[in-house]
$ cat coords-v1.pdb   # PDB, C-alpha atoms
ATOM      1  CA  MET A  19      74.048 134.583  62.818
ATOM      2  CA  ASP A  20      75.737 131.342  61.684
ATOM      3  CA  PHE A  21      72.618 129.380  62.668
ATOM      4  CA  LEU A  22      70.729 131.086  59.825
ATOM      5  CA  GLN A  23      73.164 129.794  57.214
ATOM      6  CA  LYS A  24      73.111 126.358  58.806
ATOM      7  CA  ASN A  25      69.416 125.979  58.089
ATOM      8  CA  THR A  26      69.853 126.533  54.353
ATOM      9  CA  GLY A  27      71.935 123.362  54.333
ATOM     10  CA  SER A  28      69.375 121.471  56.401
ATOM     11  CA  GLY A  29      66.624 122.305  53.903
ATOM     12  CA  LEU A  30      64.443 124.477  56.112
ATOM     13  CA  TYR A  31      64.685 127.296  53.550
ATOM     14  CA  SER A  32      66.766 128.080  50.482
ATOM     15  CA  ALA A  33      67.196 131.762  51.378
ATOM     16  CA  TYR A  34      67.133 134.041  54.382
ATOM     17  CA  GLN A  35      67.508 137.732  55.029
ATOM     18  CA  TYR A  36      67.621 139.703  58.239
ATOM     19  CA  ALA A  37      67.905 143.258  59.471
ATOM     20  CA  PHE A  38      67.780 144.870  62.874
ATOM     21  CA  LEU A  39      67.929 148.451  64.057
ATOM     22  CA  LYS A  40      69.496 149.022  67.445
ATOM     23  CA  ASP A  41      70.941 152.200  68.962
ATOM     24  CA  ASP A  42      70.139 153.992  65.669
ATOM     25  CA  ARG A  43      72.360 151.587  63.713
ATOM     26  CA  ILE A  44      71.022 149.095  61.207
ATOM     27  CA  SER A  45      72.666 145.718  60.567
ATOM     28  CA  CYS A  46      71.727 143.478  57.635
ATOM     29  CA  GLY A  47      72.641 140.037  56.374
ATOM     30  CA  CYS A  48      71.488 137.369  53.979
ATOM     31  CA  GLY A  49      72.368 133.987  52.565
ATOM     32  CA  GLY A  50      71.237 131.196  50.328
ATOM     33  CA  THR A  51      69.765 130.985  46.848
ATOM     34  CA  PHE A  52      66.456 131.714  45.124
ATOM     35  CA  ASP A  53      65.509 128.033  45.294
ATOM     36  CA  PHE A  54      67.084 124.661  46.040
ATOM     37  CA  ASP A  55      67.846 123.977  42.364
ATOM     38  CA  THR A  56      69.924 127.057  41.571
ATOM     39  CA  ASN A  57      73.273 128.425  42.663
ATOM     40  CA  GLU A  58      72.233 132.048  42.165
ATOM     41  CA  LYS A  59      72.683 133.764  45.518
ATOM     42  CA  ILE A  60      70.357 136.404  46.899
ATOM     43  CA  ASN A  61      71.452 139.807  48.255
ATOM     44  CA  ASP A  62      70.163 142.304  50.834
ATOM     45  CA  SER A  63      67.822 144.013  48.358
ATOM     46  CA  VAL A  64      65.974 140.873  47.199
ATOM     47  CA  GLN A  65      62.286 140.994  48.081
ATOM     48  CA  PHE A  66      60.548 138.098  49.844
ATOM     49  CA  ASP A  67      56.878 137.152  49.957
ATOM     50  CA  LEU A  68      55.967 138.756  53.293
ATOM     51  CA  ALA A  69      52.722 136.759  53.634
ATOM     52  CA  SER A  70      50.712 137.879  56.695
ATOM     53  CA  LEU A  71      53.132 140.687  57.495
ATOM     54  CA  THR A  72      50.926 142.431  54.918
ATOM     55  CA  LYS A  73      48.292 142.748  57.645
ATOM     56  CA  ALA A  74      50.644 144.656  59.964
ATOM     57  CA  ILE A  75      52.458 146.690  57.294
ATOM     58  CA  VAL A  76      49.522 147.738  55.131
ATOM     59  CA  THR A  77      46.076 147.172  56.593
ATOM     60  CA  VAL A  78      46.567 147.993  60.270
ATOM     61  CA  PRO A  79      48.546 151.242  59.788
ATOM     62  CA  VAL A  80      46.142 152.594  57.169
ATOM     63  CA  PHE A  81      43.217 152.028  59.530
ATOM     64  CA  TYR A  82      45.162 153.513  62.464
ATOM     65  CA  ASP A  83      45.712 156.638  60.357
ATOM     66  CA  LEU A  84      41.997 156.872  59.526
ATOM     67  CA  PHE A  85      41.117 156.476  63.222
ATOM     68  CA  ALA A  86      43.711 159.027  64.352
ATOM     69  CA  SER A  87      42.497 161.630  61.843
ATOM     70  CA  GLY A  88      38.883 161.214  62.938
ATOM     71  CA  LYS A  89      37.794 160.152  59.460
ATOM     72  CA  LEU A  90      36.608 156.831  60.804
ATOM     73  CA  SER A  91      35.744 155.280  64.172
ATOM     74  CA  GLU A  92      37.167 151.947  65.225
ATOM     75  CA  ASN A  93      33.703 151.132  66.598
ATOM     76  CA  GLU A  94      32.042 151.586  63.213
ATOM     77  CA  LYS A  95      29.945 148.553  62.300
ATOM     78  CA  ILE A  96      31.105 146.846  59.121
ATOM     79  CA  SER A  97      27.532 146.614  57.825
ATOM     80  CA  ARG A  98      27.958 150.291  56.892
ATOM     81  CA  PHE A  99      30.269 149.167  54.086
ATOM     82  CA  PHE A 100      28.325 146.037  53.103
ATOM     83  CA  GLN A 101      24.739 147.224  53.025
ATOM     84  CA  ASP A 102      23.380 143.905  51.755
ATOM     85  CA  PHE A 103      24.415 142.221  55.001
ATOM     86  CA  GLN A 104      23.420 142.806  58.610
ATOM     87  CA  SER A 105      26.127 142.575  61.258
ATOM     88  CA  ASP A 106      27.074 144.172  64.566
ATOM     89  CA  ILE A 107      30.756 143.332  64.051
ATOM     90  CA  THR A 108      32.982 146.424  64.296
ATOM     91  CA  LEU A 109      36.141 147.411  62.471
ATOM     92  CA  LEU A 110      38.147 146.964  65.663
ATOM     93  CA  GLU A 111      36.811 143.434  66.092
ATOM     94  CA  LEU A 112      38.024 142.579  62.600
ATOM     95  CA  ILE A 113      41.432 144.086  63.351
ATOM     96  CA  ARG A 114      41.683 142.231  66.681
ATOM     97  CA  HIS A 115      40.484 138.912  65.219
ATOM     98  CA  THR A 116      37.517 138.835  67.590
ATOM     99  CA  SER A 117      34.795 138.900  64.945
ATOM    100  CA  GLY A 118      33.957 135.205  65.205
ATOM    101  CA  PHE A 119      34.679 134.518  61.528
ATOM    102  CA  PRO A 120      36.507 131.232  60.814
ATOM    103  CA  ALA A 121      40.261 131.218  60.243
ATOM    104  CA  TRP A 122      40.255 130.354  56.551
ATOM    105  CA  LEU A 123      38.163 129.219  53.607
ATOM    106  CA  PRO A 124      39.307 128.089  50.103
ATOM    107  CA  PHE A 125      37.627 130.833  48.099
ATOM    108  CA  TYR A 126      39.544 129.797  44.972
ATOM    109  CA  GLU A 127      37.487 126.587  45.088
ATOM    110  CA  LEU A 128      34.200 128.141  46.229
ATOM    111  CA  VAL A 129      33.972 130.938  43.650
ATOM    112  CA  PRO A 130      33.930 130.282  39.874
ATOM    113  CA  ALA A 131      37.202 131.355  38.236
ATOM    114  CA  GLU A 132      35.385 132.793  35.216
ATOM    115  CA  LYS A 133      33.942 135.596  37.353
ATOM    116  CA  SER A 134      35.543 139.044  37.134
ATOM    117  CA  LEU A 135      37.667 140.380  39.981
ATOM    118  CA  GLU A 136      34.840 142.537  41.321
ATOM    119  CA  GLU A 137      32.382 139.654  41.060
ATOM    120  CA  ARG A 138      34.812 137.451  42.970
ATOM    121  CA  LYS A 139      35.065 140.035  45.752
ATOM    122  CA  ARG A 140      31.276 140.298  46.016
ATOM    123  CA  GLU A 141      30.862 136.530  46.117
ATOM    124  CA  ILE A 142      33.655 136.143  48.714
ATOM    125  CA  THR A 143      31.975 138.808  50.848
ATOM    126  CA  ARG A 144      28.691 136.909  50.650
ATOM    127  CA  ILE A 145      30.374 133.661  51.713
ATOM    128  CA  ILE A 146      32.198 135.321  54.602
ATOM    129  CA  PHE A 147      29.021 136.853  56.016
ATOM    130  CA  LYS A 148      27.301 133.488  55.660
ATOM    131  CA  HIS A 149      29.876 132.135  58.132
ATOM    132  CA  GLN A 150      29.470 134.768  60.827
ATOM    133  CA  THR A 151      28.578 133.341  64.236
ATOM    134  CA  SER A 152      26.763 134.718  67.262
ATOM    135  CA  GLY A 153      29.916 134.406  69.387
ATOM    136  CA  LYS A 154      32.869 136.748  69.043
ATOM    137  CA  THR A 155      35.642 134.539  70.327
ATOM    138  CA  LYS A 156      39.289 135.145  69.444
ATOM    139  CA  CYS A 157      40.234 133.419  66.194
ATOM    140  CA  TYR A 158      43.116 134.533  64.018
ATOM    141  CA  SER A 159      41.424 134.813  60.644
ATOM    142  CA  ASP A 160      42.444 135.812  57.129
ATOM    143  CA  LEU A 161      38.766 136.498  56.489
ATOM    144  CA  ASN A 162      38.876 139.517  58.805
ATOM    145  CA  TYR A 163      41.631 141.115  56.754
ATOM    146  CA  LEU A 164      40.126 140.240  53.413
ATOM    147  CA  LEU A 165      37.084 142.251  54.508
ATOM    148  CA  LEU A 166      39.267 145.065  55.870
ATOM    149  CA  GLY A 167      41.012 145.294  52.506
ATOM    150  CA  PHE A 168      37.655 145.431  50.705
ATOM    151  CA  ILE A 169      36.516 148.176  53.104
ATOM    152  CA  LEU A 170      39.581 150.301  52.408
ATOM    153  CA  GLU A 171      38.948 150.001  48.677
ATOM    154  CA  LYS A 172      35.367 151.165  49.227
ATOM    155  CA  ILE A 173      36.493 154.118  51.375
ATOM    156  CA  PHE A 174      39.177 155.336  48.980
ATOM    157  CA  ASN A 175      37.594 154.083  45.743
ATOM    158  CA  GLN A 176      41.008 152.750  44.738
ATOM    159  CA  PRO A 177      42.749 149.355  44.578
ATOM    160  CA  LEU A 178      44.607 148.473  47.774
ATOM    161  CA  ASN A 179      48.049 148.741  46.178
ATOM    162  CA  GLU A 180      47.338 152.347  45.152
ATOM    163  CA  ILE A 181      45.971 153.127  48.614
ATOM    164  CA  PHE A 182      49.190 151.841  50.167
ATOM    165  CA  GLU A 183      51.419 153.761  47.767
ATOM    166  CA  ASN A 184      49.579 156.993  48.588
ATOM    167  CA  PHE A 185      49.738 156.208  52.315
ATOM    168  CA  LYS A 186      53.519 155.756  52.089
ATOM    169  CA  LYS A 187      53.952 158.959  50.110
ATOM    170  CA  ILE A 188      51.838 161.109  52.448
ATOM    171  CA  ASN A 189      53.622 159.796  55.545
ATOM    172  CA  GLY A 190      57.168 159.845  54.159
ATOM    173  CA  LEU A 191      57.404 156.038  54.130
ATOM    174  CA  ASN A 192      59.021 155.726  50.736
ATOM    175  CA  PHE A 193      60.451 152.249  51.075
ATOM    176  CA  ASP A 194      60.259 149.501  48.478
ATOM    177  CA  LEU A 195      57.412 147.457  49.928
ATOM    178  CA  THR A 196      55.145 146.535  47.070
ATOM    179  CA  TYR A 197      52.425 144.237  45.801
ATOM    180  CA  ASN A 198      54.094 144.120  42.411
ATOM    181  CA  PRO A 199      57.740 143.015  42.686
ATOM    182  CA  ALA A 200      59.685 143.875  39.566
ATOM    183  CA  LYS A 201      62.567 141.476  40.102
ATOM    184  CA  ARG A 202      63.072 137.817  40.900
ATOM    185  CA  THR A 203      61.925 136.665  44.353
ATOM    186  CA  PRO A 204      62.775 133.502  46.334
ATOM    187  CA  LYS A 205      60.420 130.677  45.437
ATOM    188  CA  THR A 206      57.791 129.533  47.911
ATOM    189  CA  ALA A 207      55.453 126.507  47.992
ATOM    190  CA  PHE A 208      54.401 124.699  44.832
ATOM    191  CA  SER A 209      50.970 125.846  43.671
ATOM    192  CA  LYS A 210      48.614 123.203  42.342
ATOM    193  CA  LEU A 211      46.380 125.945  40.948
ATOM    194  CA  ARG A 212      49.237 127.415  38.931
ATOM    195  CA  ASN A 213      51.178 124.176  38.439
ATOM    196  CA  ASP A 214      54.357 126.033  39.300
ATOM    197  CA  PHE A 215      56.341 127.596  42.116
ATOM    198  CA  PRO A 216      55.264 131.195  42.839
ATOM    199  CA  GLU A 217      57.951 133.656  41.834
ATOM    200  CA  ARG A 218      57.140 137.388  41.829
ATOM    201  CA  THR A 219      53.613 136.279  42.780
ATOM    202  CA  VAL A 220      52.094 135.656  46.191
ATOM    203  CA  GLU A 221      52.046 132.111  47.573
ATOM    204  CA  ASP A 222      48.658 132.507  49.288
ATOM    205  CA  GLU A 223      46.072 131.057  46.896
ATOM    206  CA  ASN A 224      43.180 133.261  48.056
ATOM    207  CA  SER A 225      45.283 136.371  47.541
ATOM    208  CA  TRP A 226      46.479 135.135  44.136
ATOM    209  CA  PHE A 227      42.824 134.433  43.194
ATOM    210  CA  LEU A 228      42.158 138.125  43.866
ATOM    211  CA  GLY A 229      45.053 139.391  41.766
ATOM    212  CA  GLY A 230      47.654 139.225  44.545
ATOM    213  CA  ILE A 231      46.482 142.495  46.121
ATOM    214  CA  THR A 232      44.640 141.869  49.401
ATOM    215  CA  GLY A 233      44.540 143.029  52.996
ATOM    216  CA  HIS A 234      45.829 139.754  54.426
ATOM    217  CA  ALA A 235      48.696 138.873  52.055
ATOM    218  CA  GLY A 236      50.421 139.835  48.814
ATOM    219  CA  LEU A 237      53.112 142.309  49.894
ATOM    220  CA  PHE A 238      56.799 141.810  49.040
ATOM    221  CA  GLY A 239      59.843 143.498  50.520
ATOM    222  CA  SER A 240      63.320 143.136  51.972
ATOM    223  CA  ALA A 241      64.122 142.796  55.664
ATOM    224  CA  ALA A 242      65.931 146.148  55.635
ATOM    225  CA  ASP A 243      62.913 147.945  54.172
ATOM    226  CA  VAL A 244      60.563 146.330  56.697
ATOM    227  CA  VAL A 245      62.777 147.624  59.521
ATOM    228  CA  ARG A 246      63.182 151.096  58.020
ATOM    229  CA  TYR A 247      59.446 151.322  57.357
ATOM    230  CA  PHE A 248      58.511 150.666  60.981
ATOM    231  CA  ASP A 249      61.266 152.941  62.241
ATOM    232  CA  ARG A 250      59.848 155.830  60.204
ATOM    233  CA  LEU A 251      56.230 154.877  60.915
ATOM    234  CA  MET A 252      56.863 155.068  64.663
ATOM    235  CA  GLU A 253      58.094 158.636  64.189
ATOM    236  CA  THR A 254      54.832 159.854  62.660
ATOM    237  CA  PRO A 255      52.887 161.915  65.211
ATOM    238  CA  TRP A 256      49.757 159.734  65.073
ATOM    239  CA  SER A 257      51.150 156.199  64.907
ATOM    240  CA  MET A 258      52.386 155.244  68.375
ATOM    241  CA  PRO A 259      49.777 157.232  70.346
ATOM    242  CA  ARG A 260      46.996 155.521  68.404
ATOM    243  CA  ALA A 261      48.644 152.101  68.680
ATOM    244  CA  LYS A 262      48.891 152.444  72.450
ATOM    245  CA  GLU A 263      45.263 153.575  72.734
ATOM    246  CA  LEU A 264      44.185 150.466  70.820
ATOM    247  CA  ASN A 265      46.599 148.223  72.755
ATOM    248  CA  PHE A 266      48.418 147.425  69.504
ATOM    249  CA  ALA A 267      45.369 145.773  67.952
ATOM    250  CA  GLY A 268      46.338 143.812  64.855
ATOM    251  CA  PHE A 269      49.848 143.060  66.120
ATOM    252  CA  ASP A 270      51.099 140.089  68.143
ATOM    253  CA  ARG A 271      52.412 140.319  71.692
ATOM    254  CA  PRO A 272      54.952 137.707  72.907
ATOM    255  CA  GLU A 273      53.360 135.285  75.349
ATOM    256  CA  GLY A 274      55.347 133.176  77.804
ATOM    257  CA  SER A 275      58.990 132.148  77.602
ATOM    258  CA  ASP A 276      58.644 129.957  74.524
ATOM    259  CA  SER A 277      57.063 132.162  71.854
ATOM    260  CA  ASN A 278      58.107 132.603  68.223
ATOM    261  CA  TYR A 279      59.498 135.968  69.308
ATOM    262  CA  GLY A 280      62.189 134.488  71.536
ATOM    263  CA  LYS A 281      62.636 132.933  74.939
ATOM    264  CA  SER A 282      63.472 136.298  76.524
ATOM    265  CA  ALA A 283      60.921 138.501  74.694
ATOM    266  CA  LYS A 284      59.197 141.128  76.819
ATOM    267  CA  SER A 285      55.427 141.545  76.909
ATOM    268  CA  ARG A 286      55.783 145.166  75.743
ATOM    269  CA  TYR A 287      57.190 144.040  72.366
ATOM    270  CA  PHE A 288      54.883 143.831  69.355
ATOM    271  CA  GLY A 289      55.284 142.149  65.992
ATOM    272  CA  HIS A 290      53.788 139.717  63.495
ATOM    273  CA  LEU A 291      54.487 136.381  61.803
ATOM    274  CA  GLY A 292      54.054 135.291  58.186
ATOM    275  CA  PHE A 293      53.330 131.752  56.951
ATOM    276  CA  THR A 294      56.163 131.751  54.401
ATOM    277  CA  GLY A 295      58.684 132.030  57.260
ATOM    278  CA  THR A 296      58.712 135.786  57.842
ATOM    279  CA  ALA A 297      58.567 137.742  61.106
ATOM    280  CA  PHE A 298      59.305 141.105  62.686
ATOM    281  CA  LEU A 299      59.463 142.326  66.284
ATOM    282  CA  ILE A 300      59.650 145.805  67.833
ATOM    283  CA  ASP A 301      60.550 147.099  71.280
ATOM    284  CA  PRO A 302      58.768 150.478  71.409
ATOM    285  CA  ASP A 303      60.718 151.598  74.487
ATOM    286  CA  THR A 304      64.216 151.204  73.013
ATOM    287  CA  LYS A 305      63.063 151.476  69.369
ATOM    288  CA  THR A 306      64.827 148.231  68.548
ATOM    289  CA  ILE A 307      63.325 146.671  65.413
ATOM    290  CA  ALA A 308      64.209 143.308  63.888
ATOM    291  CA  ALA A 309      62.956 141.414  60.829
ATOM    292  CA  LEU A 310      63.745 137.899  59.638
ATOM    293  CA  LEU A 311      62.593 136.711  56.207
ATOM    294  CA  THR A 312      62.864 133.179  54.814
ATOM    295  CA  ASN A 313      61.118 131.014  52.235
ATOM    296  CA  SER A 314      60.597 128.064  54.574
ATOM    297  CA  THR A 315      57.484 126.896  52.695
ATOM    298  CA  HIS A 316      59.665 126.046  49.669
ATOM    299  CA  PRO A 317      59.284 123.553  48.098
ATOM    300  CA  THR A 318      56.478 122.507  50.438
ATOM    301  CA  PRO A 319      55.164 123.678  53.825
ATOM    302  CA  GLY A 320      54.720 120.007  54.682
ATOM    303  CA  LYS A 321      58.431 119.348  55.228
ATOM    304  CA  PRO A 322      59.244 117.492  58.483
ATOM    305  CA  GLU A 323      58.825 119.608  61.631
ATOM    306  CA  ARG A 324      58.806 122.866  59.666
ATOM    307  CA  LYS A 325      56.730 124.685  62.278
ATOM    308  CA  GLU A 326      58.996 123.679  65.155
ATOM    309  CA  ARG A 327      62.211 124.326  63.223
ATOM    310  CA  THR A 328      60.988 127.737  62.037
ATOM    311  CA  LYS A 329      60.047 128.647  65.602
ATOM    312  CA  SER A 330      63.523 127.672  66.836
ATOM    313  CA  VAL A 331      65.240 129.833  64.206
ATOM    314  CA  ARG A 332      63.003 132.793  65.045
ATOM    315  CA  GLN A 333      63.758 132.403  68.738
ATOM    316  CA  GLN A 334      67.506 132.338  68.158
ATOM    317  CA  PHE A 335      67.316 135.357  65.881
ATOM    318  CA  PHE A 336      65.160 137.569  68.092
ATOM    319  CA  ASP A 337      67.012 136.620  71.283
ATOM    320  CA  THR A 338      70.261 137.605  69.543
ATOM    321  CA  ALA A 339      68.884 140.826  68.024
ATOM    322  CA  PHE A 340      67.355 142.019  71.297
ATOM    323  CA  LEU A 341      70.314 141.267  73.586
TER
END

$ encode --input "coords-v1.pdb" --output "structure tokens"
Amino acid sequence: MDFLQKNTGSGLYSAYQYAFLKDDRISCGCGGTFDFDTNEKINDSVQFDLASLTKAIVTVPVFYDLFASGKLSENEKISRFFQDFQSDITLLELIRHTSGFPAWLPFYELVPAEKSLEERKREITRIIFKHQTSGKTKCYSDLNYLLLGFILEKIFNQPLNEIFENFKKINGLNFDLTYNPAKRTPKTAFSKLRNDFPERTVEDENSWFLGGITGHAGLFGSAADVVRYFDRLMETPWSMPRAKELNFAGFDRPEGSDSNYGKSAKSRYFGHLGFTGTAFLIDPDTKTIAALLTNSTHPTPGKPERKERTKSVRQQFFDTAFL
């Protein structure tokens, strides 16, 4: 994995961490520092901002569990949970990103900051529904998962972080994946709203605007805990059967020979990517699981060719892990 260390020197990220489980053996590694201005090195237990991996670690599994138990139908219309708004969009369409909602909106600019957290959620919901379209084309959208997070909080009458903690406890998934990191985390992109680099707080401004606890972002964890979590999750009696029935809705599938998941990735694999430079990939047949975490948005996501360079590193990593 020398190529991972090489990219700390090239400035793609200041820190990286990886883990992969293969043949029932887990291998871990890490390198770099918390930011480009310090010499303090990270270790295997340091937690990274997992960004959109939150969708696949928190939101999707909790809904899968509700579907598998019969407590909820994937075809339930979301207007059931937002009675002030009419919509024929279903829960499954939100999960699959086929709702027709736009990819992103700057809610931290559209909603007054003096409003309470609950008022912000209500106003964000109103704005999202205002942007629903008649077509339900595929569009990867944070808005879908913001709504899914709000729905879970309505169902359980609890904040999303408490819902996730209870979900982990009930299913024996007691790994340190949390919305509230207690220790120092690698810095991500500079925040104009906060006039600082996020540390122990989520990079995503919409998530931060909602207290850092949302269905689309906000979770922190180590690569080893991401791998162990999915390994244990796949062993629960409801998880894989339900995932297969829903064709792994909410997860990515590698497409073609030049995807972020490697040049030799199989179509049966499933995983997810995160904007901060995070990713995981799973082969359900061999139960090989790999996770790569970086802070490639630090100090700015606008660094030269970041997207292409991040893709290249992911390809090298996953092709190596899945040999």

$ closest_atom_pairs --input "coords-v1.pdb" --of "segment 153-197 of chain A" --to "segment 229-241 of chain A" --cutoff "6 Å" --atoms "all atoms listed in the file" --output "tab-separated table"
residue	atom	partner	partner_atom	distance
A:Asp160	CA	A:His234	CA	5.9
A:Tyr163	CA	A:His234	CA	5.0
A:Leu164	CA	A:Gly233	CA	5.2
A:Gly167	CA	A:Gly233	CA	4.2
A:Leu195	CA	A:Gly239	CA	4.7
A:Thr196	CA	A:Phe238	CA	5.4
A:Tyr197	CA	A:Leu237	CA	4.6

$ write_last_selection --input "coords-v1.pdb" --atoms "C-alpha atoms" --output "JSON list (two decimals), in the coordinates of the input"
[["chain", "number", "residue", "atom", "x", "y", "z"],
["A", 160, "ASP", "CA", 42.44, 135.81, 57.13],
["A", 163, "TYR", "CA", 41.63, 141.12, 56.75],
["A", 164, "LEU", "CA", 40.13, 140.24, 53.41],
["A", 167, "GLY", "CA", 41.01, 145.29, 52.51],
["A", 195, "LEU", "CA", 57.41, 147.46, 49.93],
["A", 196, "THR", "CA", 55.14, 146.54, 47.07],
["A", 197, "TYR", "CA", 52.42, 144.24, 45.80]]

$ atom_distance --input "coords-v1.pdb" --atom1 "atom CA of Leu112 of chain A" --atom2 "atom CA of Thr315 of chain A"
26.9 Å

$ residues_around --input "coords-v1.pdb" --residues "Gly289 of chain A" --least-positions-apart "4" --cutoff "7 Å" --atoms "only C-alpha atoms" --output "NGL selection string"
:A and (269-271 or 298-300)

$ resolve_selection --input "coords-v1.pdb" --expression "the PyMOL selection byres ((chain A and resi 209-224) around 10)" --output "mmCIF file with C-alpha atoms, keeping the file's coordinate frame"
data_model
loop_
_atom_site.group_PDB
_atom_site.id
_atom_site.type_symbol
_atom_site.label_atom_id
_atom_site.label_comp_id
_atom_site.auth_asym_id
_atom_site.auth_seq_id
_atom_site.Cartn_x
_atom_site.Cartn_y
_atom_site.Cartn_z
ATOM 1 C CA PHE A 52 66.456 131.714 45.124
ATOM 2 C CA ASP A 53 65.509 128.033 45.294
ATOM 3 C CA GLN A 65 62.286 140.994 48.081
ATOM 4 C CA PHE A 66 60.548 138.098 49.844
ATOM 5 C CA ASP A 67 56.878 137.152 49.957
ATOM 6 C CA LEU A 68 55.967 138.756 53.293
ATOM 7 C CA ALA A 69 52.722 136.759 53.634
ATOM 8 C CA SER A 70 50.712 137.879 56.695
ATOM 9 C CA TRP A 122 40.255 130.354 56.551
ATOM 10 C CA LEU A 123 38.163 129.219 53.607
ATOM 11 C CA PRO A 124 39.307 128.089 50.103
ATOM 12 C CA PHE A 125 37.627 130.833 48.099
ATOM 13 C CA TYR A 126 39.544 129.797 44.972
ATOM 14 C CA GLU A 127 37.487 126.587 45.088
ATOM 15 C CA ILE A 142 33.655 136.143 48.714
ATOM 16 C CA ASP A 160 42.444 135.812 57.129
ATOM 17 C CA LEU A 164 40.126 140.240 53.413
ATOM 18 C CA TYR A 197 52.425 144.237 45.801
ATOM 19 C CA ASN A 198 54.094 144.120 42.411
ATOM 20 C CA PRO A 199 57.740 143.015 42.686
ATOM 21 C CA ALA A 200 59.685 143.875 39.566
ATOM 22 C CA LYS A 201 62.567 141.476 40.102
ATOM 23 C CA ARG A 202 63.072 137.817 40.900
ATOM 24 C CA THR A 203 61.925 136.665 44.353
ATOM 25 C CA PRO A 204 62.775 133.502 46.334
ATOM 26 C CA LYS A 205 60.420 130.677 45.437
ATOM 27 C CA THR A 206 57.791 129.533 47.911
ATOM 28 C CA ALA A 207 55.453 126.507 47.992
ATOM 29 C CA PHE A 208 54.401 124.699 44.832
ATOM 30 C CA SER A 225 45.283 136.371 47.541
ATOM 31 C CA TRP A 226 46.479 135.135 44.136
ATOM 32 C CA PHE A 227 42.824 134.433 43.194
ATOM 33 C CA LEU A 228 42.158 138.125 43.866
ATOM 34 C CA GLY A 229 45.053 139.391 41.766
ATOM 35 C CA GLY A 230 47.654 139.225 44.545
ATOM 36 C CA ILE A 231 46.482 142.495 46.121
ATOM 37 C CA THR A 232 44.640 141.869 49.401
ATOM 38 C CA HIS A 234 45.829 139.754 54.426
ATOM 39 C CA ALA A 235 48.696 138.873 52.055
ATOM 40 C CA GLY A 236 50.421 139.835 48.814
ATOM 41 C CA LEU A 237 53.112 142.309 49.894
ATOM 42 C CA PHE A 238 56.799 141.810 49.040
ATOM 43 C CA PHE A 293 53.330 131.752 56.951
ATOM 44 C CA THR A 294 56.163 131.751 54.401
ATOM 45 C CA THR A 315 57.484 126.896 52.695
ATOM 46 C CA HIS A 316 59.665 126.046 49.669
ATOM 47 C CA PRO A 317 59.284 123.553 48.098
ATOM 48 C CA THR A 318 56.478 122.507 50.438
#

$ atom_distance --input "coords-v1.pdb" --atom1 "atom CA of Val64 of chain A" --atom2 "atom CA of Gly292 of chain A"
17.1 Å

$ residues_near_point --input "coords-v1.pdb" --point "(69.3, 129.9, 57.7)" --cutoff "7 Å" --atoms "all atoms listed in the file" --output "number ranges by chain"
A: 21-26, 31, 33-34

$ residues_around --input "coords-v1.pdb" --residues "segment 46-49 of chain A" --least-positions-apart "6" --cutoff "7 Å" --atoms "all atoms listed in the file" --output "mmCIF file with C-alpha atoms, in the frame of the given file"
data_model
loop_
_atom_site.group_PDB
_atom_site.id
_atom_site.type_symbol
_atom_site.label_atom_id
_atom_site.label_comp_id
_atom_site.auth_asym_id
_atom_site.auth_seq_id
_atom_site.Cartn_x
_atom_site.Cartn_y
_atom_site.Cartn_z
ATOM 1 C CA GLN A 23 73.164 129.794 57.214
ATOM 2 C CA ALA A 33 67.196 131.762 51.378
ATOM 3 C CA TYR A 34 67.133 134.041 54.382
ATOM 4 C CA GLN A 35 67.508 137.732 55.029
ATOM 5 C CA TYR A 36 67.621 139.703 58.239
ATOM 6 C CA ALA A 37 67.905 143.258 59.471
ATOM 7 C CA PHE A 38 67.780 144.870 62.874
ATOM 8 C CA ILE A 60 70.357 136.404 46.899
ATOM 9 C CA ASN A 61 71.452 139.807 48.255
ATOM 10 C CA ASP A 62 70.163 142.304 50.834
ATOM 11 C CA ALA A 242 65.931 146.148 55.635
#

$ atom_distance --input "coords-v1.pdb" --atom1 "atom CA of Leu264 of chain A" --atom2 "atom CA of Lys281 of chain A"
25.8 Å

$ axis_aligned_box --input "coords-v1.pdb" --around "segment 183-195 of chain A" --padding-each-side "6 Å" --output "AutoDock Vina command-line options"
--center_x 55.0 --center_y 154.3 --center_z 51.7 --size_x 22.9 --size_y 25.7 --size_z 19.8

$ resolve_selection --input "coords-v1.pdb" --expression "the PyMOL selection byres ((chain A and resi 246) around 12)" --output "number ranges by chain"
A: 37-40, 42-46, 75, 190-195, 239-245, 247-253, 298, 300, 305-309

$ closest_residue --input "coords-v1.pdb" --among "A:Lys186, A:Lys133, A:Arg114, A:Arg144" --to "Ser159 of chain A" --atoms "only C-alpha atoms"
A:Arg114

$ closest_residue --input "coords-v1.pdb" --among "A:Pro79, A:Gly29, A:Pro259, A:Gly268" --to "Thr116 of chain A" --atoms "all atoms listed in the file"
A:Gly268

$ closest_residue --input "coords-v1.pdb" --among "A:Ser117, A:Gln104, A:Ser285, A:Thr304" --to "Cys157 of chain A" --atoms "all atoms listed in the file"
A:Ser117

$ closest_atom_pairs --input "coords-v1.pdb" --of "segment 137-224 of chain A" --to "segment 80-102 of chain A" --cutoff "8 Å" --atoms "all atoms listed in the file" --output "Markdown table"
| residue | atom | partner | partner_atom | distance |
| --- | --- | --- | --- | --- |
| A:Ile169 | CA | A:Phe99 | CA | 6.4 |
| A:Lys172 | CA | A:Phe99 | CA | 7.3 |
| A:Phe182 | CA | A:Val80 | CA | 7.7 |
| A:Phe185 | CA | A:Val80 | CA | 7.0 |

$ closest_residue --input "coords-v1.pdb" --among "A:His149, A:Lys154, A:His290, A:Arg327" --to "Leu30 of chain A" --atoms "only C-alpha atoms"
A:Arg327

$ closest_residue --input "coords-v1.pdb" --among "A:Thr77, A:Thr296, A:Ser28, A:Thr51" --to "Phe168 of chain A" --atoms "only C-alpha atoms"
A:Thr77
